[in-house]
>>> print(open('run.cif').read())   # mmCIF, C-alpha atoms and all ligand atoms
data_protein
loop_
_atom_site.label_atom_id
_atom_site.label_comp_id
_atom_site.auth_asym_id
_atom_site.auth_seq_id
_atom_site.Cartn_x
_atom_site.Cartn_y
_atom_site.Cartn_z
CA MET Q 1 -2.68 -9.89 25.70
CA ALA Q 2 -2.93 -9.19 21.94
CA ALA Q 3 0.39 -9.08 20.10
CA PHE Q 4 1.67 -5.65 19.14
CA ARG Q 5 1.03 -4.74 15.54
CA PRO Q 6 2.21 -1.66 13.64
CA ASN Q 7 -0.02 1.37 13.22
CA VAL Q 8 -1.50 1.30 9.70
CA ILE Q 9 -2.22 4.53 7.80
CA LEU Q 10 -4.25 4.10 4.62
CA SER Q 11 -2.98 6.58 2.03
CA ALA Q 12 -4.28 7.28 -1.47
CA ALA Q 13 -5.10 9.84 -4.08
CA ILE Q 14 -8.64 9.38 -5.35
CA SER Q 15 -10.86 11.00 -7.96
CA VAL Q 16 -14.04 12.73 -6.81
CA ASP Q 17 -15.87 9.51 -7.73
CA GLY Q 18 -13.62 7.41 -5.49
CA LYS Q 19 -11.40 5.79 -8.14
CA ILE Q 20 -7.67 5.24 -7.65
CA ALA Q 21 -6.97 4.54 -11.33
CA THR Q 22 -8.72 4.53 -14.69
CA LYS Q 23 -10.03 1.32 -16.23
CA THR Q 24 -6.66 0.91 -17.98
CA GLY Q 25 -4.74 1.34 -14.72
CA ASP Q 26 -3.57 4.94 -15.16
CA SER Q 27 -3.19 6.26 -11.59
CA ALA Q 28 -1.43 9.58 -12.21
CA LEU Q 29 -3.91 11.55 -10.12
CA SER Q 30 -1.67 13.57 -7.79
CA SER Q 31 -0.35 17.08 -8.28
CA LEU Q 32 3.27 17.98 -7.56
CA VAL Q 33 2.18 19.59 -4.27
CA ASP Q 34 0.50 16.35 -3.25
CA LYS Q 35 3.53 14.29 -4.22
CA LYS Q 36 5.66 16.49 -1.94
CA ARG Q 37 3.13 16.03 0.89
CA LEU Q 38 3.07 12.26 0.34
CA HIS Q 39 6.85 11.95 0.23
CA LYS Q 40 7.16 13.90 3.47
CA LEU Q 41 4.67 11.48 5.00
CA ARG Q 42 6.62 8.52 3.60
CA SER Q 43 9.78 9.79 5.26
CA SER Q 44 7.98 9.75 8.64
CA VAL Q 45 6.88 6.09 8.57
CA ASP Q 46 8.86 2.88 9.01
CA ALA Q 47 7.44 1.06 5.98
CA ILE Q 48 5.25 1.38 2.88
CA LEU Q 49 3.08 -1.57 1.87
CA VAL Q 50 1.46 -2.29 -1.51
CA GLY Q 51 -0.16 -5.24 -3.26
CA LYS Q 52 1.42 -7.07 -6.17
CA ASN Q 53 -0.87 -5.56 -8.83
CA THR Q 54 0.26 -2.05 -7.93
CA VAL Q 55 3.82 -3.11 -8.71
CA LEU Q 56 2.70 -4.73 -11.98
CA HIS Q 57 0.68 -1.66 -13.09
CA ASP Q 58 2.71 1.26 -11.77
CA ASP Q 59 6.22 -0.16 -11.33
CA PRO Q 60 6.71 2.26 -8.40
CA LEU Q 61 9.93 2.98 -6.55
CA LEU Q 62 8.14 3.72 -3.25
CA THR Q 63 10.96 6.00 -2.15
CA VAL Q 64 11.25 9.56 -0.83
CA ARG Q 65 12.19 11.78 -3.78
CA TYR Q 66 10.18 15.02 -3.71
CA THR Q 67 11.60 16.04 -0.34
CA ASP Q 68 14.60 15.21 1.82
CA GLY Q 69 14.21 12.32 4.22
CA LYS Q 70 14.88 8.67 4.81
CA ASN Q 71 13.41 5.94 2.66
CA PRO Q 72 11.04 3.63 4.51
CA ILE Q 73 11.24 -0.14 4.16
CA ARG Q 74 9.17 -1.34 1.19
CA ILE Q 75 6.77 -4.25 1.58
CA VAL Q 76 5.00 -6.01 -1.32
CA LEU Q 77 2.20 -8.56 -0.80
CA ASP Q 78 2.95 -11.24 -3.37
CA SER Q 79 1.61 -14.66 -2.30
CA LEU Q 80 3.33 -16.61 -5.07
CA GLY Q 81 6.50 -14.52 -5.37
CA GLN Q 82 5.73 -13.33 -8.90
CA ILE Q 83 7.15 -9.79 -8.70
CA PRO Q 84 9.13 -9.14 -11.93
CA ILE Q 85 12.88 -9.07 -11.38
CA ASP Q 86 13.14 -6.10 -13.71
CA SER Q 87 10.72 -4.05 -11.55
CA GLN Q 88 12.12 -0.87 -10.02
CA ILE Q 89 11.61 -2.33 -6.55
CA ILE Q 90 13.78 -5.38 -7.23
CA LYS Q 91 16.34 -3.34 -9.16
CA THR Q 92 16.86 -1.06 -6.14
CA CYS Q 93 16.58 -3.62 -3.33
CA HIS Q 94 20.34 -3.60 -2.70
CA LYS Q 95 19.98 0.09 -1.66
CA ILE Q 96 16.58 0.15 0.04
CA GLN Q 97 15.39 -2.53 2.45
CA THR Q 98 12.61 -4.49 0.80
CA ILE Q 99 10.32 -7.19 2.14
CA ILE Q 100 8.41 -9.52 -0.15
CA ALA Q 101 5.53 -11.02 1.83
CA VAL Q 102 4.67 -14.41 0.37
CA SER Q 103 2.49 -17.38 1.36
CA GLU Q 104 3.39 -21.03 1.96
CA LYS Q 105 2.12 -21.70 -1.57
CA ILE Q 106 5.05 -19.90 -3.22
CA PRO Q 107 6.56 -22.26 -5.85
CA LYS Q 108 10.16 -23.27 -5.07
CA LYS Q 109 11.23 -21.89 -8.42
CA ASN Q 110 9.97 -18.41 -7.46
CA LEU Q 111 11.50 -18.61 -3.99
CA ASN Q 112 14.87 -19.50 -5.53
CA ARG Q 113 14.55 -16.68 -8.04
CA LEU Q 114 13.87 -14.13 -5.29
CA SER Q 115 16.52 -15.57 -2.97
CA LYS Q 116 19.21 -14.35 -5.39
CA PHE Q 117 18.41 -10.75 -4.35
CA PRO Q 118 19.07 -9.00 -1.03
CA LEU Q 119 15.39 -9.14 -0.11
CA ASP Q 120 13.71 -10.16 3.13
CA ILE Q 121 11.16 -12.83 2.32
CA VAL Q 122 8.48 -13.20 4.97
CA ILE Q 123 6.15 -16.20 4.77
CA SER Q 124 2.62 -16.07 6.23
CA GLY Q 125 -0.66 -17.72 5.27
CA LYS Q 126 -1.29 -21.00 3.45
CA ASN Q 127 -2.46 -19.88 0.02
CA ARG Q 128 -2.46 -16.12 0.41
CA VAL Q 129 -0.51 -13.70 2.56
CA ASP Q 130 -2.13 -13.58 6.01
CA ILE Q 131 -1.91 -9.86 6.76
CA LYS Q 132 -2.72 -10.24 10.48
CA LYS Q 133 0.16 -12.68 10.91
CA LEU Q 134 2.38 -10.53 8.71
CA LEU Q 135 1.71 -7.47 10.89
CA GLU Q 136 2.51 -9.51 14.01
CA ILE Q 137 5.84 -10.55 12.49
CA LEU Q 138 6.62 -6.97 11.38
CA GLY Q 139 5.60 -5.66 14.81
CA LYS Q 140 8.34 -7.77 16.38
CA SER Q 141 10.90 -5.99 14.20
CA LYS Q 142 11.54 -2.26 14.14
CA ILE Q 143 8.41 -1.54 12.08
CA LYS Q 144 5.95 0.48 14.15
CA THR Q 145 4.18 2.50 11.42
CA ILE Q 146 3.09 1.34 7.96
CA LEU Q 147 1.77 3.49 5.14
CA LEU Q 148 -0.71 1.36 3.21
CA GLU Q 149 -0.55 2.62 -0.39
CA GLY Q 150 -3.02 0.30 -2.13
CA GLY Q 151 -4.33 -0.86 -4.42
CA GLY Q 152 -8.03 -1.45 -3.92
CA ALA Q 153 -7.80 -5.20 -3.22
CA THR Q 154 -5.10 -4.78 -0.59
CA ASN Q 155 -6.94 -1.84 0.99
CA TRP Q 156 -10.07 -4.00 1.28
CA ASP Q 157 -8.24 -6.80 3.05
CA PHE Q 158 -6.90 -4.36 5.64
CA VAL Q 159 -10.26 -2.60 6.07
CA ASN Q 160 -12.17 -5.89 6.22
CA GLN Q 161 -9.89 -7.26 8.93
CA GLY Q 162 -10.07 -4.08 11.01
CA LEU Q 163 -6.41 -3.26 10.45
CA VAL Q 164 -6.67 0.39 9.35
CA ASP Q 165 -5.97 2.89 12.13
CA GLN Q 166 -5.81 6.15 10.18
CA ALA Q 167 -6.52 7.34 6.65
CA ILE Q 168 -5.08 10.25 4.71
CA ILE Q 169 -6.88 10.64 1.40
CA THR Q 170 -6.31 13.29 -1.25
CA VAL Q 171 -9.39 14.04 -3.31
CA THR Q 172 -8.13 15.13 -6.72
CA PRO Q 173 -10.36 17.11 -9.13
CA PHE Q 174 -11.13 14.30 -11.58
CA LEU Q 175 -14.29 12.41 -12.42
CA ILE Q 176 -13.01 9.19 -13.97
CA GLY Q 177 -16.02 6.89 -14.17
CA GLY Q 178 -15.99 3.32 -15.41
CA LYS Q 179 -17.40 0.38 -13.48
CA ASP Q 180 -14.13 -1.51 -13.98
CA ALA Q 181 -11.89 1.29 -12.72
CA LYS Q 182 -10.29 0.46 -9.35
CA THR Q 183 -11.74 2.19 -6.33
CA LEU Q 184 -10.11 3.12 -3.03
CA VAL Q 185 -11.45 -0.03 -1.41
CA ASP Q 186 -12.51 -2.92 -3.67
CA GLY Q 187 -12.91 -6.58 -2.71
CA ASP Q 188 -16.35 -7.85 -1.68
CA GLY Q 189 -17.25 -4.70 0.23
CA SER Q 190 -19.63 -4.39 3.16
CA SER Q 191 -23.26 -5.38 2.77
CA LYS Q 192 -24.51 -2.80 5.25
CA ILE Q 193 -23.41 0.72 6.15
CA SER Q 194 -23.66 -0.31 9.81
CA HIS Q 195 -21.01 -2.99 9.15
CA SER Q 196 -18.65 -0.61 7.32
CA LEU Q 197 -15.56 0.96 8.80
CA ARG Q 198 -16.64 4.37 10.12
CA LEU Q 199 -13.82 6.90 10.17
CA LYS Q 200 -13.54 10.00 12.25
CA LEU Q 201 -12.68 13.16 10.34
CA LYS Q 202 -9.82 14.93 12.15
CA LYS Q 203 -8.63 17.55 9.71
CA ILE Q 204 -9.23 18.94 6.21
CA LYS Q 205 -6.50 20.64 4.25
CA ARG Q 206 -7.23 22.57 1.06
CA GLN Q 207 -4.35 22.19 -1.38
CA ASN Q 208 -5.06 24.36 -4.43
CA ASN Q 209 -7.57 22.30 -6.42
CA GLU Q 210 -7.31 19.26 -4.12
CA VAL Q 211 -8.50 18.44 -0.62
CA VAL Q 212 -6.58 16.27 1.82
CA LEU Q 213 -8.76 14.46 4.33
CA TYR Q 214 -7.26 13.19 7.59
CA TYR Q 215 -9.19 10.49 9.44
CA ASN Q 216 -8.68 8.20 12.37
N1 LIG Q 301 -4.26 6.39 -6.68
C1 LIG Q 301 -3.55 5.76 -5.80
O1 LIG Q 301 -3.21 6.33 -4.74
C2 LIG Q 301 -3.12 4.33 -6.05
C3 LIG Q 301 -2.28 3.70 -5.12
C4 LIG Q 301 -1.94 2.37 -5.34
C5 LIG Q 301 -2.43 1.68 -6.43
N2 LIG Q 301 -3.23 2.29 -7.33
C6 LIG Q 301 -3.76 1.53 -8.49
O2 LIG Q 301 -4.42 0.37 -8.01
C7 LIG Q 301 -4.37 -0.63 -9.03
C8 LIG Q 301 -4.01 -1.98 -8.41
O3 LIG Q 301 -4.96 -2.31 -7.43
P1 LIG Q 301 -5.51 -3.80 -7.29
O4 LIG Q 301 -6.68 -3.74 -6.40
O5 LIG Q 301 -5.71 -4.38 -8.64
O6 LIG Q 301 -4.32 -4.62 -6.67
P2 LIG Q 301 -3.35 -4.50 -5.40
O7 LIG Q 301 -4.13 -4.28 -4.18
O8 LIG Q 301 -2.24 -3.58 -5.73
O9 LIG Q 301 -2.72 -5.96 -5.40
C9 LIG Q 301 -3.57 -7.04 -5.13
C10 LIG Q 301 -2.78 -8.31 -5.14
O10 LIG Q 301 -1.94 -8.35 -3.99
C11 LIG Q 301 -1.75 -9.70 -3.64
N3 LIG Q 301 -2.05 -9.98 -2.24
C12 LIG Q 301 -1.35 -10.85 -1.45
N4 LIG Q 301 -1.88 -10.94 -0.26
C13 LIG Q 301 -2.96 -10.16 -0.27
C14 LIG Q 301 -3.91 -9.91 0.71
N5 LIG Q 301 -3.85 -10.46 1.92
N6 LIG Q 301 -4.88 -9.05 0.41
C15 LIG Q 301 -4.94 -8.47 -0.79
N7 LIG Q 301 -4.04 -8.67 -1.79
C16 LIG Q 301 -3.07 -9.55 -1.51
C17 LIG Q 301 -2.74 -10.52 -4.47
O11 LIG Q 301 -1.98 -11.20 -5.47
P3 LIG Q 301 -1.46 -12.68 -5.10
O12 LIG Q 301 -2.70 -13.45 -4.79
O13 LIG Q 301 -0.73 -13.12 -6.29
O14 LIG Q 301 -0.61 -12.51 -3.90
C18 LIG Q 301 -3.66 -9.51 -5.06
O15 LIG Q 301 -4.14 -9.88 -6.33
C19 LIG Q 301 -3.38 -0.16 -10.06
O16 LIG Q 301 -4.05 0.26 -11.22
C20 LIG Q 301 -2.69 1.02 -9.41
O17 LIG Q 301 -2.32 1.99 -10.37
C21 LIG Q 301 -3.59 3.61 -7.16
#
>>> encode(input="run.cif", output="structure tokens", more="lines below")
Ligand SMILES: NC(=O)c1ccc[n+]([C@@H]2O[C@H](COP(=O)([O-])OP(=O)(O)OC[C@H]3O[C@@H](n4cnc5c(N)ncnc54)[C@H](OP(=O)(O)O)[C@@H]3O)[C@@H](O)[C@H]2O)c1
Amino acid sequence: MAAFRPNVILSAAISVDGKIATKTGDSALSSLVDKKRLHKLRSSVDAILVGKNTVLHDDPLLTVRYTDGKNPIRIVLDSLGQIPIDSQIIKTCHKIQTIIAVSEKIPKKNLNRLSKFPLDIVISGKNRVDIKKLLEILGKSKIKTILLEGGGATNWDFVNQGLVDQAIITVTPFLIGGKDAKTLVDGDGSSKISHSLRLKLKKIKRQNNEVVLYYN
């Protein structure tokens, strides 16, 4: 029998042309209404997961602020344990449970640096975080639902390994352009439409000048 793994909901705000940030990494796409919707969603899941570059670019808190509700556990994929100690996530880890998912390749120096903080360090994968293994480990704890909040490289790894169960995507009214701007799902991408993840549209919500798409 396959091991239990948490339910993964891919969540993002995208431009009409499918970007999640500009070429310089500006990702301020969402309206206040959408932030409130997202934060309500955050308060309903057990954990939020992002890749290391999202922390480096956005320095997010990944908390519930625009509505009342509990903060989910925060998970950062960071194979070598390079997350800056002056990032908002590390600065608040004594108040909000935080998991840094690293690989076996993490240098001792970085492991020691992170060990000084009240963080949970979960090791999976030889050179890079093995997300299947990570989800198995998380599934054995109290984490049953994960909101996958990007960026494009992390989203691809989950999509490519068949680990996305639902998607909630806000289409914001911007056309960003730029071949180097990050898209919702980056990585190598599929070579054929027939090999791509095909989602099922469940619901559409119009939100002023935005549209929220619900898939599973
Ligand atoms: N609009 C939105 O909703 C939204 C949301 C989130 C992010 N963003 C934007 O997205 C951009 C960052 O996206 P990104 O694609 O550059 O990076 P990312 O997905 O945030 O982070 C990728 C990094 O995560 C680490 N990682 C560890 N294990 C991994 C695994 N199994 N699969 C994938 N990554 C793994 C890798 O670094 P190591 O190899 O060092 O571990 C990898 O380079 C930022 O500009 C941010 O503003 C937008």
>>> closest_atom_pairs(input="run.cif", of="chain Q", to="ligand LIG 301 (chain Q)", cutoff="8 Å", atoms="only C-alpha atoms and all ligand atoms", output="Markdown table")
| residue | atom | partner | partner_atom | distance |
| --- | --- | --- | --- | --- |
| Q:Ser11 | CA | Q:LIG301 | O1 | 6.8 |
| Q:Ala12 | CA | Q:LIG301 | O1 | 3.6 |
| Q:Ala13 | CA | Q:LIG301 | O1 | 4.0 |
| Q:Ile14 | CA | Q:LIG301 | N1 | 5.5 |
| Q:Lys19 | CA | Q:LIG301 | N1 | 7.3 |
| Q:Ile20 | CA | Q:LIG301 | N1 | 3.7 |
| Q:Ala21 | CA | Q:LIG301 | O16 | 5.2 |
| Q:Thr22 | CA | Q:LIG301 | O16 | 7.2 |
| Q:Lys23 | CA | Q:LIG301 | O16 | 7.9 |
| Q:Thr24 | CA | Q:LIG301 | O16 | 7.3 |
| Q:Gly25 | CA | Q:LIG301 | O16 | 3.7 |
| Q:Asp26 | CA | Q:LIG301 | O17 | 5.8 |
| Q:Ser27 | CA | Q:LIG301 | O17 | 4.5 |
| Q:Ala28 | CA | Q:LIG301 | N1 | 7.0 |
| Q:Leu29 | CA | Q:LIG301 | N1 | 6.2 |
| Q:Ser30 | CA | Q:LIG301 | N1 | 7.7 |
| Q:Val50 | CA | Q:LIG301 | O8 | 5.8 |
| Q:Gly51 | CA | Q:LIG301 | O9 | 3.4 |
| Q:Lys52 | CA | Q:LIG301 | O10 | 4.2 |
| Q:Asn53 | CA | Q:LIG301 | O9 | 3.9 |
| Q:Thr54 | CA | Q:LIG301 | O8 | 3.7 |
| Q:Val55 | CA | Q:LIG301 | O8 | 6.8 |
| Q:Leu56 | CA | Q:LIG301 | C19 | 7.8 |
| Q:His57 | CA | Q:LIG301 | C19 | 5.3 |
| Q:Asp58 | CA | Q:LIG301 | O17 | 5.3 |
| Q:Val76 | CA | Q:LIG301 | O10 | 7.8 |
| Q:Leu77 | CA | Q:LIG301 | C12 | 4.3 |
| Q:Asp78 | CA | Q:LIG301 | O14 | 3.8 |
| Q:Ser79 | CA | Q:LIG301 | O14 | 3.5 |
| Q:Leu80 | CA | Q:LIG301 | O13 | 5.5 |
| Q:Gly81 | CA | Q:LIG301 | O13 | 7.4 |
| Q:Gln82 | CA | Q:LIG301 | O13 | 7.0 |
| Q:Ala101 | CA | Q:LIG301 | C12 | 7.6 |
| Q:Val102 | CA | Q:LIG301 | O14 | 7.1 |
| Q:Ser103 | CA | Q:LIG301 | O14 | 7.8 |
| Q:Arg128 | CA | Q:LIG301 | N4 | 5.3 |
| Q:Val129 | CA | Q:LIG301 | N4 | 4.2 |
| Q:Asp130 | CA | Q:LIG301 | N5 | 5.4 |
| Q:Ile131 | CA | Q:LIG301 | N5 | 5.2 |
| Q:Glu149 | CA | Q:LIG301 | C4 | 5.1 |
| Q:Gly150 | CA | Q:LIG301 | C4 | 4.0 |
| Q:Gly151 | CA | Q:LIG301 | O3 | 3.4 |
| Q:Gly152 | CA | Q:LIG301 | O4 | 3.6 |
| Q:Ala153 | CA | Q:LIG301 | O4 | 3.7 |
| Q:Thr154 | CA | Q:LIG301 | C15 | 3.7 |
| Q:Asn155 | CA | Q:LIG301 | O7 | 6.4 |
| Q:Trp156 | CA | Q:LIG301 | C15 | 7.1 |
| Q:Asp157 | CA | Q:LIG301 | N6 | 4.8 |
| Q:Phe158 | CA | Q:LIG301 | N6 | 7.3 |
| Q:Lys182 | CA | Q:LIG301 | O2 | 6.0 |
| Q:Thr183 | CA | Q:LIG301 | O2 | 7.7 |
| Q:Leu184 | CA | Q:LIG301 | C1 | 7.6 |
| Q:Val185 | CA | Q:LIG301 | O4 | 7.8 |
| Q:Asp186 | CA | Q:LIG301 | O4 | 6.5 |
| Q:Gly187 | CA | Q:LIG301 | O4 | 7.8 |
>>> residues_near_point(input="run.cif", point="(-0.7, -21.1, 2.2)", cutoff="6 Å", atoms="all atoms listed in the file", output="mmCIF file with C-alpha atoms, in the frame of the given file")
data_model
loop_
_atom_site.group_PDB
_atom_site.id
_atom_site.type_symbol
_atom_site.label_atom_id
_atom_site.label_comp_id
_atom_site.auth_asym_id
_atom_site.auth_seq_id
_atom_site.Cartn_x
_atom_site.Cartn_y
_atom_site.Cartn_z
ATOM 1 C CA SER Q 103 2.490 -17.380 1.360
ATOM 2 C CA GLU Q 104 3.390 -21.030 1.960
ATOM 3 C CA LYS Q 105 2.120 -21.700 -1.570
ATOM 4 C CA GLY Q 125 -0.660 -17.720 5.270
ATOM 5 C CA LYS Q 126 -1.290 -21.000 3.450
ATOM 6 C CA ASN Q 127 -2.460 -19.880 0.020
ATOM 7 C CA ARG Q 128 -2.460 -16.120 0.410
#
>>> closest_residue(input="run.cif", among="Q:Gly18, Q:Tyr215, Q:Ile89, Q:Ile204", to="Leu175 in chain Q", atoms="all atoms listed in the file")
Q:Gly18
>>> residues_around(input="run.cif", residues="Ile48 in chain Q", least_positions_apart="3", cutoff="9 Å", atoms="all atoms listed in the file", output="PyMOL selection string")
chain Q and resi 42+45+62-63+72-76+145-149
>>> atom_distance(input="run.cif", atom1="CA of Gln161 in chain Q", atom2="CA of Leu135 in chain Q")
11.8 Å
>>> atom_distance(input="run.cif", atom1="CA of Val211 in chain Q", atom2="CA of Ile176 in chain Q")
16.9 Å
>>> atom_distance(input="run.cif", atom1="CA of Leu163 in chain Q", atom2="CA of Asp180 in chain Q")
25.7 Å
>>> closest_residue(input="run.cif", among="Q:Ser31, Q:Gln97, Q:Ser191, Q:Ser15", to="Ile143 in chain Q", atoms="all atoms listed in the file")
Q:Gln97
>>> closest_residue(input="run.cif", among="Q:Lys91, Q:Lys133, Q:Lys205, Q:Arg37", to="Leu114 in chain Q", atoms="all atoms listed in the file")
Q:Lys91
>>> closest_residue(input="run.cif", among="Q:Leu138, Q:Leu10, Q:Cys93, Q:Ile121", to="Asp46 in chain Q", atoms="all atoms listed in the file")
Q:Leu138
>>> decode(input="run.cif", residues="range 6-21 of chain Q", atoms="N, CA, C and O atoms", output="mmCIF file, in the first residue's frame")
data_model
loop_
_atom_site.group_PDB
_atom_site.id
_atom_site.type_symbol
_atom_site.label_atom_id
_atom_site.label_comp_id
_atom_site.auth_asym_id
_atom_site.auth_seq_id
_atom_site.Cartn_x
_atom_site.Cartn_y
_atom_site.Cartn_z
ATOM 1 N N PRO Q 6 0.415 14.117 2.154
ATOM 2 C CA PRO Q 6 -0.544 15.214 2.288
ATOM 3 C C PRO Q 6 -1.150 15.607 0.943
ATOM 4 O O PRO Q 6 -0.547 15.418 -0.108
ATOM 5 N N ASN Q 7 -2.331 16.186 1.011
ATOM 6 C CA ASN Q 7 -3.001 16.746 -0.155
ATOM 7 C C ASN Q 7 -2.278 18.052 -0.524
ATOM 8 O O ASN Q 7 -2.040 18.884 0.344
ATOM 9 N N VAL Q 8 -1.932 18.211 -1.798
ATOM 10 C CA VAL Q 8 -1.177 19.402 -2.209
ATOM 11 C C VAL Q 8 -2.051 20.305 -3.093
ATOM 12 O O VAL Q 8 -2.560 19.863 -4.125
ATOM 13 N N ILE Q 9 -2.197 21.549 -2.656
ATOM 14 C CA ILE Q 9 -2.971 22.536 -3.423
ATOM 15 C C ILE Q 9 -1.995 23.564 -3.981
ATOM 16 O O ILE Q 9 -1.337 24.289 -3.222
ATOM 17 N N LEU Q 10 -1.886 23.614 -5.295
ATOM 18 C CA LEU Q 10 -1.034 24.626 -5.936
ATOM 19 C C LEU Q 10 -1.768 25.966 -5.917
ATOM 20 O O LEU Q 10 -2.922 26.046 -6.351
ATOM 21 N N SER Q 11 -1.106 26.987 -5.391
ATOM 22 C CA SER Q 11 -1.750 28.297 -5.272
ATOM 23 C C SER Q 11 -0.832 29.371 -5.827
ATOM 24 O O SER Q 11 0.364 29.393 -5.514
ATOM 25 N N ALA Q 12 -1.398 30.262 -6.646
ATOM 26 C CA ALA Q 12 -0.574 31.358 -7.188
ATOM 27 C C ALA Q 12 -1.451 32.457 -7.741
ATOM 28 O O ALA Q 12 -2.616 32.239 -8.074
ATOM 29 N N ALA Q 13 -0.842 33.630 -7.837
ATOM 30 C CA ALA Q 13 -1.440 34.726 -8.586
ATOM 31 C C ALA Q 13 -0.605 34.866 -9.846
ATOM 32 O O ALA Q 13 0.631 34.946 -9.764
ATOM 33 N N ILE Q 14 -1.268 34.852 -10.986
ATOM 34 C CA ILE Q 14 -0.531 34.936 -12.255
ATOM 35 C C ILE Q 14 -1.020 36.128 -13.070
ATOM 36 O O ILE Q 14 -2.120 36.634 -12.857
ATOM 37 N N SER Q 15 -0.193 36.550 -14.021
ATOM 38 C CA SER Q 15 -0.643 37.562 -14.980
ATOM 39 C C SER Q 15 -1.437 36.831 -16.057
ATOM 40 O O SER Q 15 -1.409 35.591 -16.124
ATOM 41 N N VAL Q 16 -2.089 37.581 -16.931
ATOM 42 C CA VAL Q 16 -2.852 36.945 -18.011
ATOM 43 C C VAL Q 16 -1.921 36.081 -18.872
ATOM 44 O O VAL Q 16 -2.312 35.040 -19.386
ATOM 45 N N ASP Q 17 -0.653 36.502 -18.991
ATOM 46 C CA ASP Q 17 0.307 35.719 -19.784
ATOM 47 C C ASP Q 17 1.075 34.699 -18.934
ATOM 48 O O ASP Q 17 2.151 34.234 -19.314
ATOM 49 N N GLY Q 18 0.503 34.308 -17.805
ATOM 50 C CA GLY Q 18 1.024 33.155 -17.069
ATOM 51 C C GLY Q 18 2.275 33.375 -16.245
ATOM 52 O O GLY Q 18 2.903 32.422 -15.776
ATOM 53 N N LYS Q 19 2.659 34.642 -16.042
ATOM 54 C CA LYS Q 19 3.873 34.918 -15.241
ATOM 55 C C LYS Q 19 3.503 35.041 -13.764
ATOM 56 O O LYS Q 19 2.398 35.479 -13.428
ATOM 57 N N ILE Q 20 4.456 34.700 -12.902
ATOM 58 C CA ILE Q 20 4.243 34.880 -11.462
ATOM 59 C C ILE Q 20 5.102 36.026 -10.913
ATOM 60 O O ILE Q 20 4.999 36.377 -9.751
ATOM 61 N N ALA Q 21 5.940 36.579 -11.743
ATOM 62 C CA ALA Q 21 6.781 37.718 -11.356
ATOM 63 C C ALA Q 21 7.327 38.348 -12.631
ATOM 64 O O ALA Q 21 7.321 37.721 -13.697
#
